[in-house]
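Notes to accompany the following structure.
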Amino acid sequence: MKKALLVVRWLVGLLFIFSGLIKVNDPLGLSYKMQEFFEVWGIDFLNKYSLGMALIMNMLEVGCGVALLIGFSRKFTIRILLLLIIFFTFLTGYALLSGKIKTCGCLGDCLPLTATQSFIKDLVLLVMIVLLALFDKDLKPVFTTITTNTILMLSIITCVLLQDAVLNYLPYIDCLPFKIGNNLVEQMEKPKDYVPDSTVITYHYKKRGKTIEFDQSHFPDDFDSSYIFISRYDKLIRKGTGGAKITDFNLITPSGNDTTQALFSMPKYVMVMGNSFHTNFYRWHNDLLKVKEYCTANNISLFYVTPQSGEESTVLAKENIVVLKCDATITKTAARVNTTYYFMNHSTVVNKCSDRNINKIMDRLAELKAL
């Protein structure tokens, strides 16, 4: 029995560490997935806290995995693990049974799992953690108290530093369709055997204090103005075979024209993709002007891509920097750092980097010029 418990202990610990580290690589991705759940549940006021929650969740996953392996406070650790896996199982079960969430994001974009796979994984982990809870007395510490505390603290500090670096300088491992070397046109194409998801538009209304859900084919017979609209969503009925990896990638000029294909026909250009107004606008703005000066001198086109029109766009337009609008989901996916520089050759991503390092940006520009 002790050997079996040891195997379970290592499996659970390593899986939590592995799962946590994958999400440490891209905490913004987890925060966006949290926002998806919040919006479905009608609590999107929590969206502004999602990144902080994601950072804490990642540290908790890795920390609990390490704590289990080294034997830190076994009862406390197993209780936290049990609470976490119950919560995760609820999320994956909800995603599977409701059809409102396509994937739970359990292993990030690097190892995407279907709702069914995620739910089964969490059920297996739940059983193993319950087993550990029943026989926790047999789980002995591996090191002395001082060594155990030191290892756990270093693990958490490492998570903090890794996530800080990722949020400032892009993920270490890029698993997104916008990664270096990818041809965006190819990523926008649907596979030959493509079968779309089968969905039905489902509505949430409130009447007399009760929330009522129905689809577009089953409106209540007494439907009238007493029904108060809450939300609508596309409920998944049957999973398809998976479509294009990039959708809704359209770059729109201020006059409303789609210029995507025109950009893809250019041999060398830079896309500066941003999500929101910069808190450190002047530092970012001065660096962008340096890039503009280099691009102008070397016949490289420069575009600023944003989902919104605001003060940034107004300032840049006055400086003859072309501002293009794009879908917010696209910019959130492509610009994991606000902002992210894309160095393009036609529709191929030659390189990309965070705006935080102007020296690296200038090096990438020199490489683009040399192509």
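So you can find residues: chains in the structure tokens are A, B, ... in the order shown, residues in each start at 1, and ligands are numbered from 1 in order.
With only C-alpha atoms taken into account, the protein and nucleic acid residues at most 8 Å from region 58-68 of chain A (excluding it and anything under 5 positions from it in its own chain) are Arg9, Val12, Gly13, Leu14, Leu15, Phe16, Ile17, Phe18, Ser19, Gly20, Leu21, Lys23, Val24, Pro27, Ser73, Arg74, Thr77, Ile78, Ile80, Leu81, Leu152, Ser155, Ile156, Cys159 and Val160 of chain A.
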Mind writing the picked residues with C-alpha atoms as a tab-separated table (two decimals), in the first residue's frame?
chain	number	residue	atom	x	y	z
A	9	ARG	CA	1.77	11.10	-4.38
A	12	VAL	CA	-0.55	14.13	-8.21
A	13	GLY	CA	2.38	16.34	-7.25
A	14	LEU	CA	3.99	16.29	-10.68
A	15	LEU	CA	0.67	16.84	-12.48
A	16	PHE	CA	-0.09	19.91	-10.35
A	17	ILE	CA	3.42	21.29	-10.91
A	18	PHE	CA	3.23	20.58	-14.65
A	19	SER	CA	-0.24	22.12	-14.98
A	20	GLY	CA	0.79	25.17	-12.97
A	21	LEU	CA	4.02	25.75	-14.90
A	23	LYS	CA	-0.07	28.35	-17.08
A	24	VAL	CA	2.83	30.26	-15.48
A	27	PRO	CA	-0.96	33.83	-17.08
A	73	SER	CA	2.37	20.06	6.34
A	74	ARG	CA	0.66	17.03	4.82
A	77	THR	CA	-1.50	20.51	1.77
A	78	ILE	CA	-3.95	17.69	1.03
A	80	ILE	CA	-5.86	22.60	-0.23
A	81	LEU	CA	-5.33	20.07	-3.03
A	152	LEU	CA	8.67	25.61	-0.98
A	155	SER	CA	9.33	27.45	-5.68
A	156	ILE	CA	6.81	30.23	-5.03
A	159	CYS	CA	6.74	31.37	-9.99
A	160	VAL	CA	6.47	35.05	-9.13
**OP:** Among the residues of region 36-238 of chain A, find those DSSP assigns to strand (DSSP E or B) from the backbone and print them as a PyMOL selection string.
**Re:** chain A and resi 183+198-207+210-215+228-238
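Reported to one decimal place, the separation of CA of Val272 (chain A) from CA of Thr339 (chain A) is 6.6 Å.
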Subject >> Selection: 12 Å around Thr147 (chain A), only C-alpha atoms, excl. self and same-chain fewer than 4 positions, as a list of chain:residue names >> reply: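 So, after excluding close chain neighbours, the residues are A:Ala67, A:Ile70, A:Gly71, A:Phe72, A:Pro141, A:Val142, A:Phe143, A:Ile151, A:Leu152, A:Met153, A:Leu154.
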Write the selection just made, keeping C-alpha atoms, as an mmCIF file, in the first residue's frame?
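What follows is the written file selection_13.cif:
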data_model
loop_
_atom_site.group_PDB
_atom_site.id
_atom_site.type_symbol
_atom_site.label_atom_id
_atom_site.label_comp_id
_atom_site.auth_asym_id
_atom_site.auth_seq_id
_atom_site.Cartn_x
_atom_site.Cartn_y
_atom_site.Cartn_z
ATOM 1 C CA ALA A 67 4.502 20.802 -1.011
ATOM 2 C CA ILE A 70 8.490 17.236 -0.244
ATOM 3 C CA GLY A 71 6.014 16.512 2.554
ATOM 4 C CA PHE A 72 5.201 20.035 3.733
ATOM 5 C CA PRO A 141 8.327 14.426 4.979
ATOM 6 C CA VAL A 142 11.282 13.949 2.640
ATOM 7 C CA PHE A 143 13.540 16.640 4.136
ATOM 8 C CA ILE A 151 12.318 24.564 -1.148
ATOM 9 C CA LEU A 152 8.665 25.608 -0.981
ATOM 10 C CA MET A 153 9.519 29.298 -0.625
ATOM 11 C CA LEU A 154 11.970 29.151 -3.527
#
Original post:
Which of region 135-299 of chain A counts as alpha helix (DSSP H) under DSSP, as number ranges by chain please?
Top reply: A: 145-169, 184-187, 260-264, 281-297
**OP:** Excluding region 314-320 of chain A and any residue of its chain fewer than 2 positions from it, enumerate the residues within 12 Å of it, using only C-alpha atoms, and give them as a ChimeraX atom specification.
**Re:** /A:253-254,272,277,281-282,284-286,288-289,292-293,296,301-306,308-312,322-324
**OP:** Give me the residues within 8 Å of region 225-229 of chain A as a VMD selection string, counting only C-alpha atoms and dropping any in the same chain fewer than 6 places off.
**Re:** chain A and resid 203 to 207
Grab the residues selected above and save them as a compact mmCIF listing (two decimals), in the first residue's frame with C-alpha atoms.
# COMPACT_ATOMS: atom_id res chain seq x y z
CA TYR A 203 -31.28 33.09 -24.22
CA HIS A 204 -31.45 34.00 -20.55
CA TYR A 205 -34.47 36.04 -19.46
CA LYS A 206 -35.81 36.95 -16.05
CA LYS A 207 -39.51 36.89 -15.19
